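entry15.cif follows (mmCIF, C-alpha atoms and all ligand atoms):
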data_my_file
loop_
_atom_site.label_atom_id
_atom_site.label_comp_id
_atom_site.auth_asym_id
_atom_site.auth_seq_id
_atom_site.Cartn_x
_atom_site.Cartn_y
_atom_site.Cartn_z
CA MET X 328 195.11 143.66 110.32
CA THR X 329 195.47 141.21 113.18
CA VAL X 330 198.64 140.15 114.93
CA LYS X 331 198.45 136.69 113.39
CA GLN X 332 197.84 138.02 109.88
CA LEU X 333 200.82 140.35 110.23
CA ALA X 334 203.11 137.46 111.14
CA GLU X 335 201.87 135.49 108.12
CA THR X 336 202.06 138.38 105.67
CA LEU X 337 205.58 139.42 106.68
CA GLY X 338 206.85 135.88 107.19
CA LEU X 339 207.85 136.61 110.78
CA GLU X 340 209.25 133.91 113.00
CA VAL X 341 206.72 133.29 115.77
CA LEU X 342 208.39 133.11 119.18
CA SER X 343 205.03 133.40 120.97
CA MET X 344 201.49 134.00 119.66
CA GLY X 345 200.48 135.72 122.89
CA ASP X 346 196.98 135.76 124.36
CA GLU X 347 195.20 137.41 121.46
CA PRO X 348 196.31 136.34 117.96
CA ASP X 349 193.24 138.11 116.57
CA ARG X 350 193.99 141.42 118.22
CA GLU X 351 193.93 144.32 115.77
CA ILE X 352 197.16 146.26 115.26
CA THR X 353 196.33 149.93 115.64
CA GLY X 354 199.74 151.58 115.38
CA GLY X 355 203.49 151.11 115.35
CA TYR X 356 206.49 152.24 117.35
CA VAL X 357 210.20 151.79 116.76
CA GLY X 358 212.56 152.22 119.69
CA ASP X 359 215.19 150.63 121.87
CA LEU X 360 215.39 153.06 124.79
CA LEU X 361 212.83 151.65 127.16
CA SER X 362 211.68 154.90 128.78
CA TRP X 363 210.89 156.30 125.35
CA VAL X 364 208.92 153.20 124.48
CA MET X 365 207.09 153.28 127.83
CA GLY X 366 206.14 156.91 127.40
CA ARG X 367 205.33 156.96 123.69
CA ALA X 368 204.18 153.54 122.47
CA LYS X 369 200.41 153.17 122.50
CA SER X 370 198.10 150.37 123.39
CA GLY X 371 197.68 148.12 120.33
CA ASP X 372 200.98 149.13 118.71
CA CYS X 373 203.38 146.84 116.91
CA TRP X 374 206.70 147.55 118.68
CA MET X 375 209.91 146.99 116.72
CA THR X 376 213.18 146.80 118.64
CA ILE X 377 216.66 145.31 118.69
CA MET X 378 216.56 144.94 122.48
CA SER X 379 216.61 141.31 123.55
CA ASN X 380 216.79 141.29 127.35
CA VAL X 381 214.09 140.52 129.90
CA ASN X 382 212.98 144.14 130.28
CA VAL X 383 211.36 143.94 126.84
CA ALA X 384 208.69 141.70 128.38
CA ALA X 385 207.77 144.13 131.17
CA VAL X 386 207.61 147.09 128.80
CA ALA X 387 205.49 145.17 126.26
CA GLU X 388 203.08 144.16 129.01
CA LEU X 389 202.84 147.55 130.69
CA ALA X 390 202.62 149.55 127.46
CA ASP X 391 199.98 147.05 126.30
CA VAL X 392 201.39 146.67 122.78
CA ALA X 393 199.72 144.11 120.50
CA CYS X 394 202.99 142.55 119.40
CA VAL X 395 206.75 142.92 119.56
CA ILE X 396 209.05 142.28 116.60
CA LEU X 397 212.66 141.58 117.49
CA ALA X 398 214.54 143.08 114.54
CA GLU X 399 217.90 142.24 113.00
CA GLY X 400 217.41 138.62 114.01
CA VAL X 401 218.49 139.31 117.60
CA GLU X 402 218.45 136.35 119.95
CA PRO X 403 216.28 136.87 123.06
CA ASP X 404 218.28 136.03 126.16
CA GLU X 405 217.02 133.20 128.35
CA PRO X 406 215.22 135.28 131.01
CA LEU X 407 213.29 137.03 128.21
CA ALA X 408 212.43 133.80 126.42
CA LYS X 409 211.03 132.46 129.69
CA LYS X 410 208.67 135.45 129.97
CA PHE X 411 206.99 135.02 126.59
CA ASP X 412 204.24 132.85 128.04
CA THR X 413 203.47 135.33 130.81
CA ILE X 414 202.76 138.38 128.63
CA ALA X 415 199.71 139.16 126.53
CA ALA X 416 201.59 140.49 123.50
CA ALA X 417 202.75 138.21 120.70
CA VAL X 418 206.52 138.12 120.10
CA PHE X 419 207.97 137.73 116.62
CA ARG X 420 211.43 137.84 115.15
CA SER X 421 212.77 138.88 111.79
CA PRO X 422 216.16 139.25 110.13
CA MET X 423 214.98 142.61 108.77
CA GLY X 424 216.12 145.85 110.37
CA SER X 425 213.71 148.19 112.15
CA HIS X 426 213.45 150.55 109.18
CA GLU X 427 212.51 147.86 106.71
CA LEU X 428 210.12 146.29 109.22
CA ALA X 429 208.48 149.65 109.85
CA TRP X 430 207.63 150.29 106.22
CA ARG X 431 206.47 146.73 105.71
CA VAL X 432 204.20 146.94 108.76
CA HIS X 433 202.88 150.22 107.40
CA ASP X 434 202.26 148.67 103.98
CA ALA X 435 200.62 145.54 105.33
CA ALA X 436 198.61 146.85 108.28
CA GLY X 437 198.06 150.41 107.13
CA VAL X 438 199.40 151.87 110.37
CA MET C 363 185.43 151.10 146.95
CA GLU C 364 187.42 150.55 150.09
CA LYS C 365 190.97 151.81 150.01
CA LEU C 366 193.33 149.08 148.87
CA LYS C 367 196.95 149.02 149.99
CA LEU C 368 199.71 147.23 148.13
CA HIS C 369 203.28 146.83 149.32
CA TYR C 370 206.34 145.66 147.37
CA ASP C 371 209.98 145.11 148.26
CA VAL C 372 212.07 146.00 145.23
CA ASP C 373 215.44 144.27 144.98
CA GLY C 374 218.35 146.51 144.02
CA GLU C 375 220.34 143.91 142.17
CA ASP C 376 217.82 141.91 140.28
CA PHE C 377 217.13 143.10 136.76
CA THR C 378 215.35 139.92 135.83
CA SER C 379 212.43 140.65 138.13
CA ALA C 380 212.36 144.40 137.45
CA GLY C 381 208.84 145.38 136.50
CA GLU C 382 207.10 142.74 138.54
CA ALA C 383 205.63 145.15 141.08
CA SER C 384 204.37 147.37 138.24
CA THR C 385 202.86 144.41 136.44
CA ASP C 386 201.08 143.36 139.62
CA VAL C 387 199.65 146.85 140.18
CA LYS C 388 198.33 146.88 136.64
CA ARG C 389 196.70 143.49 137.19
CA VAL C 390 194.97 144.76 140.33
CA LEU C 391 193.71 147.91 138.59
CA ARG C 392 192.33 145.86 135.71
CA ARG C 393 190.51 143.59 138.14
CA LEU C 394 189.02 146.63 139.86
CA GLY C 395 187.74 147.89 136.51
CA PHE C 396 189.84 151.05 136.05
CA ASP C 397 189.79 152.54 132.55
CA SER C 398 192.69 151.88 130.20
CA ASP C 399 194.05 155.44 130.27
CA THR C 400 194.32 155.38 134.06
CA MET C 401 195.94 151.94 133.96
CA ARG C 402 198.43 153.15 131.38
CA ARG C 403 199.37 156.25 133.37
CA VAL C 404 199.80 154.27 136.58
CA ALA C 405 201.82 151.59 134.75
CA ILE C 406 204.21 154.18 133.30
CA CYS C 407 204.70 156.02 136.61
CA MET C 408 205.08 152.84 138.60
CA TYR C 409 207.46 151.19 136.13
CA GLU C 410 209.76 154.20 135.82
CA GLY C 411 209.81 154.55 139.60
CA GLU C 412 210.44 150.86 140.14
CA ILE C 413 213.32 150.81 137.64
CA ASN C 414 214.88 153.89 139.24
CA LEU C 415 214.71 152.12 142.61
CA VAL C 416 216.60 149.21 141.07
CA ILE C 417 219.22 151.03 139.01
CA HIS C 418 219.80 154.19 141.04
CA GLY C 419 218.41 153.63 144.53
CA GLY C 420 219.94 150.25 145.30
CA GLY C 421 216.49 148.83 145.95
CA GLY C 422 213.73 149.98 148.25
CA VAL C 423 210.03 149.73 148.88
CA ALA C 424 206.97 150.69 146.88
CA ASP C 425 203.62 151.38 148.51
CA VAL C 426 200.51 151.89 146.44
CA GLU C 427 197.13 153.05 147.72
CA VAL C 428 194.21 152.61 145.43
CA ASP C 429 190.77 154.07 145.70
CA GLU C 430 188.36 155.04 142.97
CA ASN C 431 189.32 158.73 142.92
CA GLU C 432 193.07 158.49 143.31
CA ILE C 433 196.03 156.14 143.08
CA VAL C 434 198.99 157.13 145.24
CA ILE C 435 202.42 155.62 144.62
CA VAL C 436 205.20 156.10 147.19
CA LEU C 437 208.70 154.86 146.41
CA VAL C 438 211.36 154.96 149.11
CA ASP C 439 215.04 154.08 148.86
CA HIS C 440 218.13 154.61 151.00
CA GLY C 441 220.48 154.98 148.07
CA PRO C 442 222.82 157.83 147.11
CA GLY C 443 220.12 160.49 146.75
CA ILE C 444 219.79 163.07 143.96
CA PRO C 445 222.08 166.14 144.28
CA ASP C 446 220.02 168.33 141.94
CA VAL C 447 216.42 167.25 141.51
CA GLU C 448 215.62 169.95 138.97
CA GLN C 449 218.46 168.77 136.75
CA ALA C 450 217.42 165.13 137.18
CA MET C 451 213.93 166.05 135.94
CA GLN C 452 215.30 167.37 132.62
CA GLU C 453 214.67 165.20 129.58
CA GLY C 454 217.88 163.40 128.66
CA TRP C 455 219.72 163.86 131.98
CA SER C 456 221.09 160.53 133.15
CA THR C 457 223.92 159.16 135.27
CA ALA C 458 223.14 155.55 134.33
CA SER C 459 226.14 153.26 133.91
CA GLN C 460 227.19 151.75 130.60
CA THR C 461 225.98 148.32 131.74
CA VAL C 462 222.52 149.65 132.50
CA ARG C 463 222.43 151.57 129.20
CA GLU C 464 223.09 148.37 127.32
CA LEU C 465 219.85 147.01 128.79
CA GLY C 466 217.92 149.91 127.28
CA PHE C 467 217.82 152.26 130.28
CA GLY C 468 219.53 155.62 130.71
CA ALA C 469 217.60 157.76 128.23
CA GLY C 470 216.94 160.24 131.01
CA MET C 471 213.22 159.97 130.30
CA GLY C 472 212.02 158.19 133.43
CA LEU C 473 211.40 161.17 135.70
CA PRO C 474 210.00 163.28 132.81
CA ASN C 475 207.57 160.42 132.07
CA MET C 476 206.56 160.28 135.73
CA LYS C 477 205.91 164.02 135.75
CA ARG C 478 204.00 163.94 132.50
CA TYR C 479 201.72 161.02 133.33
CA SER C 480 200.99 161.76 137.01
CA ASP C 481 198.71 164.50 138.28
CA GLU C 482 201.11 165.32 141.10
CA ILE C 483 204.70 164.39 141.78
CA ALA C 484 206.90 165.22 144.75
CA ILE C 485 210.54 164.21 145.10
CA GLU C 486 212.36 164.47 148.39
CA SER C 487 215.99 163.53 148.25
CA THR C 488 218.99 163.93 150.50
CA VAL C 489 222.46 163.05 149.26
CA GLY C 490 223.81 160.08 151.20
CA GLU C 491 220.41 159.31 152.74
CA GLY C 492 218.02 158.43 149.99
CA THR C 493 215.05 159.42 147.92
CA THR C 494 211.28 159.40 148.32
CA VAL C 495 209.08 159.86 145.27
CA THR C 496 205.34 160.36 145.70
CA MET C 497 202.99 160.35 142.71
CA LYS C 498 199.24 160.79 142.51
CA ILE C 499 197.17 159.71 139.56
CA ARG C 500 193.48 160.58 139.35
CA PRO C 501 191.17 158.89 136.87
CA ALA C 502 189.60 161.39 134.45
CA GLY C 503 185.94 162.31 134.71
N1 LIG S 1 215.99 156.88 143.27
C1 LIG S 1 217.05 157.55 142.79
N2 LIG S 1 218.20 157.62 143.51
C2 LIG S 1 219.28 158.29 143.05
N3 LIG S 1 219.31 158.95 141.87
C3 LIG S 1 218.20 158.90 141.10
C4 LIG S 1 217.01 158.21 141.52
N4 LIG S 1 216.07 158.38 140.55
C5 LIG S 1 216.65 159.10 139.59
N5 LIG S 1 217.92 159.45 139.91
C6 LIG S 1 218.84 160.30 139.12
O1 LIG S 1 218.11 161.05 138.18
C7 LIG S 1 218.56 160.75 136.85
C8 LIG S 1 217.40 160.84 135.88
O2 LIG S 1 216.45 159.79 136.15
P1 LIG S 1 215.51 159.29 134.97
O3 LIG S 1 214.65 158.19 135.48
O4 LIG S 1 214.82 160.47 134.37
O5 LIG S 1 216.53 158.76 133.88
P2 LIG S 1 217.38 157.40 133.90
O6 LIG S 1 216.87 156.49 134.94
O7 LIG S 1 218.82 157.77 133.99
O8 LIG S 1 217.07 156.84 132.44
P3 LIG S 1 215.67 156.19 131.96
O9 LIG S 1 214.68 156.35 133.06
O10 LIG S 1 215.30 156.97 130.73
O11 LIG S 1 215.97 154.77 131.66
C9 LIG S 1 219.21 159.39 136.95
O12 LIG S 1 220.14 159.13 135.93
C10 LIG S 1 219.86 159.48 138.33
O13 LIG S 1 221.05 160.24 138.27
MG MG S 2 214.84 156.07 135.07
#
Please lay out the structure from this file as structure tokens.
Ligand SMILES: Nc1ncnc2c1ncn2[C@@H]1O[C@H](COP(=O)(O)OP(=O)(O)OP(=O)(O)O)[C@@H](O)[C@H]1O
Ligand SMILES: [Mg+2]
Amino acid sequence: MTVKQLAETLGLEVLSMGDEPDREITGGYVGDLLSWVMGRAKSGDCWMTIMSNVNVAAVAELADVACVILAEGVEPDEPLAKKFDTIAAAVFRSPMGSHELAWRVHDAAGV
Amino acid sequence: MEKLKLHYDVDGEDFTSAGEASTDVKRVLRRLGFDSDTMRRVAICMYEGEINLVIHGGGGVADVEVDENEIVIVLVDHGPGIPDVEQAMQEGWSTASQTVRELGFGAGMGLPNMKRYSDEIAIESTVGEGTTVTMKIRPAG
């Protein structure tokens, strides 16, 4: 399933479609501690987190995830919001918690 | 490929630009045609090192040398130093402040990541003088 299809299927709020809306989602990772995400998330993952500060952008870019879902409806702070256009990954938001998002992503994308 | 040298000043205060040097290095490696595994390993090592410069070292400099067989990252700060490097290398060991933890740092996984994803790592640190971290990453095959 592509990044764009995932957003549609799960009804995610689109904060940024990123550079590749048709990129295939090949895995998932849930985590808020950035060094864990850096070390364990894989290229092409859908990353679910409640973190909302600017460092999310750098980690998403460097870990090369396909998309980020900000869970629990968290509000990205302004420095983060300004970075959306500069990173390749799409950024979505949902009122759902990480657990619910994770099983829905699994159901929808088969990852 | 001729050896390419990159130099970055890393600000000790500024969390909003943290990761910029790492992002630039990744961009350069992509342009040079490095494989994705090598780019990923360099990105992890460089990012963890850059963040440690910011949150623990009070800022410093990062020098990166790139040639086709090896990428060498050298990070130098004149911060507080590390009293016990072996302890600092343990997964989960962290002295990060509450403020920094709220940003998502402080898992104590940075140095273990750097060790895991580099081919060689050397840490020289003197309390009260500073820390130098050298990492080498060699593309597979
Ligand atoms: N450049 C440095 N100067 C002084 N102390 C450092 C430096 N780098 C690391 N340390 C010490 O080593 C500890 C472990 O570092 P490490 O990067 O593994 O974890 P962290 O930075 O605390 O958390 P994380 O990297 O998971 O966000 C730090 O908490 C700090 O005490
Ligand atoms: Mg660290």
(message) Could you check the closest approach to ligand MG 2 (chain S) for each of C:Gly395, C:Gly374, C:Pro445, C:Gly470 and tell me which residue wins, using only C-alpha atoms and all ligand atoms?
(response)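 Using only C-alpha atoms and all ligand atoms, the shortest distance to ligand MG 2 (chain S) belongs to C:Gly470.
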(request) Rounded to one decimal place, report the atom CA of X:Val438-atom CA of X:Gly354 distance in Å. (result) 5.0 Å
Please report as a Markdown table every residue of chain X lying within 12 Å of ligand MG 2 (chain S), along with the nearest atom pair and their distance in Å (one decimal), using only C-alpha atoms and all ligand atoms.
| residue | atom | partner | partner_atom | distance |
| --- | --- | --- | --- | --- |
| X:Leu360 | CA | S:MG2 | MG | 10.7 |
| X:Leu361 | CA | S:MG2 | MG | 9.3 |
| X:Ser362 | CA | S:MG2 | MG | 7.1 |
| X:Trp363 | CA | S:MG2 | MG | 10.5 |
| X:Met365 | CA | S:MG2 | MG | 11.0 |
| X:Gly366 | CA | S:MG2 | MG | 11.6 |
(message) Which residue is closest to chain X? Choose from C:Gly503, C:Arg389, C:Met451, C:Val428 and count all atoms listed in the file.
(response)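 Result for the nearest residue to chain X: C:Arg389.
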(request) Using all atoms listed in the file, select each residue of chain X with any atom at most 9 Å away from an atom of chain C, and give the selection as JSON, numbers by chain. (result) {"X": [359, 360, 361, 362, 363, 365, 366, 370, 378, 379, 380, 381, 382, 383, 384, 385, 386, 388, 389, 390, 391, 406, 407]}
Given the selection you just returned, output its residues as a file containing C-alpha atoms, formatted as a PDB file, in the frame of the given file.
ATOM      1  CA  ASP X 359     215.190 150.630 121.870  1.00  0.00           C
ATOM      2  CA  LEU X 360     215.390 153.060 124.790  1.00  0.00           C
ATOM      3  CA  LEU X 361     212.830 151.650 127.160  1.00  0.00           C
ATOM      4  CA  SER X 362     211.680 154.900 128.780  1.00  0.00           C
ATOM      5  CA  TRP X 363     210.890 156.300 125.350  1.00  0.00           C
ATOM      6  CA  MET X 365     207.090 153.280 127.830  1.00  0.00           C
ATOM      7  CA  GLY X 366     206.140 156.910 127.400  1.00  0.00           C
ATOM      8  CA  SER X 370     198.100 150.370 123.390  1.00  0.00           C
ATOM      9  CA  MET X 378     216.560 144.940 122.480  1.00  0.00           C
ATOM     10  CA  SER X 379     216.610 141.310 123.550  1.00  0.00           C
ATOM     11  CA  ASN X 380     216.790 141.290 127.350  1.00  0.00           C
ATOM     12  CA  VAL X 381     214.090 140.520 129.900  1.00  0.00           C
ATOM     13  CA  ASN X 382     212.980 144.140 130.280  1.00  0.00           C
ATOM     14  CA  VAL X 383     211.360 143.940 126.840  1.00  0.00           C
ATOM     15  CA  ALA X 384     208.690 141.700 128.380  1.00  0.00           C
ATOM     16  CA  ALA X 385     207.770 144.130 131.170  1.00  0.00           C
ATOM     17  CA  VAL X 386     207.610 147.090 128.800  1.00  0.00           C
ATOM     18  CA  GLU X 388     203.080 144.160 129.010  1.00  0.00           C
ATOM     19  CA  LEU X 389     202.840 147.550 130.690  1.00  0.00           C
ATOM     20  CA  ALA X 390     202.620 149.550 127.460  1.00  0.00           C
ATOM     21  CA  ASP X 391     199.980 147.050 126.300  1.00  0.00           C
ATOM     22  CA  PRO X 406     215.220 135.280 131.010  1.00  0.00           C
ATOM     23  CA  LEU X 407     213.290 137.030 128.210  1.00  0.00           C
TER      24      LEU X 407
END
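Between atom CA of X:Pro348 and atom CA of X:Asp434 the interatomic distance comes to 19.6 Å.
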(request) For each of X:Val364, X:Thr336, X:Tyr356, X:Met328, take the minimum atom-to-atom distance to ligand LIG 1 (chain S), counting only C-alpha atoms and all ligand atoms, then give the residue where this is smallest. (result)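 Counting only C-alpha atoms and all ligand atoms, the residue closest to ligand LIG 1 (chain S) is X:Val364.
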(request) Grab the atom CA of C:His440 to atom C6 of ligand LIG 1 (chain S) distance for me, in Å with one decimal place. (result) 13.2 Å
(request) Write out as a PyMOL selection string each polymer residue whose atoms come within 10 Å of X:Gly437, counting all atoms listed in the file; drop sequence neighbours fewer than 6 positions from it. (result) chain X and resi 328+352-355+430-431
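Nearest residue to C:Glu430, choosing from C:Val462, C:Leu391, C:Val416, C:Ile485 and counting all atoms listed in the file: C:Leu391.
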(request) List the neighbours of C:Thr488 out to 9 Å using only C-alpha atoms; skip same-chain residues closer than 4 positions along the sequence, and give me the result as a VMD selection string. (result) chain C and resid 442 to 445 492 to 493
(message) Could you list, as JSON, numbers by chain, every residue within 10 Å of X:Gln332, counting all atoms listed in the file and ignoring same-chain residues fewer than 6 positions away?
(response) {"X": [338, 348, 349, 350, 351, 352, 435, 436]}
Please provide as a CSV table (one decimal) with C-alpha atoms, keeping the file's coordinate frame all residues within 7 Å of C:His369, with the sequence filter that same-chain residues fewer than 6 positions apart are discarded (counting only C-alpha atoms).
chain,number,residue,atom,x,y,z
C,424,ALA,CA,207.0,150.7,146.9
C,425,ASP,CA,203.6,151.4,148.5
C,426,VAL,CA,200.5,151.9,146.4
(request) Go through C:Ile433, C:Val387, C:Ile483, C:Val489 one by one, measure the shortest atom-to-atom distance of each to ligand LIG 1 (chain S) using all atoms listed in the file, and give the residue with the smallest value. (result) C:Val489
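The residue that comes closest to ligand LIG 1 (chain S), out of C:Ala484, C:Met497, C:Thr461, C:Glu412 and on the basis of all atoms listed in the file, is C:Glu412.
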(request) For X:Ala398, please output as a ChimeraX atom specification all residues within 6 Å (counting all atoms listed in the file; exclusion window: fewer than 3 positions along the same chain). (result) /X:376-377,421,423-425
Enclose stretch 405-422 of chain X, meaning all of its atoms listed in the file, in a box aligned along x, y and z, pad it by 5 Å on each side, and list the centre and edge lengths in Å to one decimal, as lines of an AutoDock Vina configuration file.
center_x = 208.4
center_y = 136.5
center_z = 120.6
size_x = 27.3
size_y = 18.0
size_z = 30.9
